[in-house]
Amino acid sequence: GKNVVIAVETLCPDLVVWADSRLCKQMCLNLLENAVKFSHPDGAVTVSYGVDDADAVFIRFNDEGVGIGSDDLERVLEPFGQARAGIQTTHDGTGLGLPLSKRLIELHGGQLELESSLGEGTTVTLTFPARRSTAMHDSISA
């Protein structure tokens, strides 16, 4: 095995999101699987979640793995558009994890943001609109 350490950082402990739990589970599993798959042996993956300055809920997946070159960032969001370094020889998979997660978060009115540097890792952030967070609902009911 790769022996990848997964850490979870809770930046807002009482967070609730109004969303489809099955689709959210699918997005998180896709992105966590990607992060582990493209990590170096004995690497680390950090999953963090919280609320940003606009009361939008975010879930962030960060790995320190092979990364994605700037020329390939758009392509990896297209179905079957894998573009990670050395992927053709070292990794199997259909390349649907990122595009599917992007589509599912968009169905919730949110967005997927991808940041990466070749050889330095990747950060994928799912952001749900503020209307889906407890922070927004608490301020409305107050």
# chains A, B, ... in the order shown; residues from 1 in each chain; ligands from 1
call {"tool": "closest_atom_pairs", "arguments": {"of": "stretch 2-42 of chain A", "to": "stretch 50-69 of chain A", "cutoff": "9 Å", "atoms": "only C-alpha atoms", "output": "Markdown table"}}
result
| residue | atom | partner | partner_atom | distance |
| --- | --- | --- | --- | --- |
| A:Glu9 | CA | A:Gly50 | CA | 8.9 |
| A:Thr10 | CA | A:Gly50 | CA | 6.6 |
| A:Leu11 | CA | A:Gly50 | CA | 4.8 |
| A:Cys12 | CA | A:Gly50 | CA | 4.8 |
| A:Pro13 | CA | A:Gly50 | CA | 7.9 |
| A:Leu15 | CA | A:Gly50 | CA | 7.1 |
| A:Val16 | CA | A:Val57 | CA | 8.7 |
| A:Val17 | CA | A:Val57 | CA | 7.3 |
| A:Cys28 | CA | A:Ile59 | CA | 8.4 |
| A:Leu31 | CA | A:Phe61 | CA | 6.8 |
| A:Leu32 | CA | A:Phe61 | CA | 6.8 |
| A:Ala35 | CA | A:Asp63 | CA | 5.5 |
| A:Val36 | CA | A:Asp63 | CA | 7.4 |
| A:Lys37 | CA | A:Gly65 | CA | 8.6 |
| A:Phe38 | CA | A:Gly65 | CA | 5.4 |
| A:Ser39 | CA | A:Gly65 | CA | 3.9 |
| A:His40 | CA | A:Gly65 | CA | 5.3 |
| A:Pro41 | CA | A:Gly65 | CA | 8.9 |
call {"tool": "closest_residue", "arguments": {"among": "A:Glu115, A:Ala7, A:Lys102, A:Leu96", "to": "A:Asp72", "atoms": "only C-alpha atoms"}}
result
A:Glu115
call {"tool": "select_by_dssp", "arguments": {"residues": "chain A", "states": "strand (DSSP E)", "output": "JSON, numbers by chain"}}
result
{"A": [5, 6, 7, 8, 9, 10, 44, 45, 46, 47, 48, 49, 50, 51, 57, 58, 59, 60, 61, 62, 63, 111, 112, 113, 114, 115, 116, 117, 121, 122, 123, 124, 125, 126, 127, 128]}
call {"tool": "atom_distance", "arguments": {"atom1": "atom CA of A:Trp18", "atom2": "atom CA of A:Ile6"}}
result
25.5 Å
call {"tool": "atom_distance", "arguments": {"atom1": "atom CA of A:Ser117", "atom2": "atom CA of A:Asn30"}}
result
20.1 Å
call {"tool": "select_by_dssp", "arguments": {"residues": "stretch 11-75 of chain A", "states": "helix (DSSP H, G or I)", "output": "PyMOL selection string"}}
result
chain A and resi 21-37+70-72+75
call {"tool": "residues_around", "arguments": {"residues": "A:Met27", "least_positions_apart": "5", "cutoff": "9 Å", "atoms": "only C-alpha atoms", "output": "count of residues only"}}
result
10
call {"tool": "closest_residue", "arguments": {"among": "A:Val4, A:Leu114, A:Ala130, A:Ala44", "to": "A:Arg75", "atoms": "only C-alpha atoms"}}
result
A:Leu114
call {"tool": "atom_distance", "arguments": {"atom1": "atom CA of A:Glu78", "atom2": "atom CA of A:Thr125"}}
result
16.7 Å
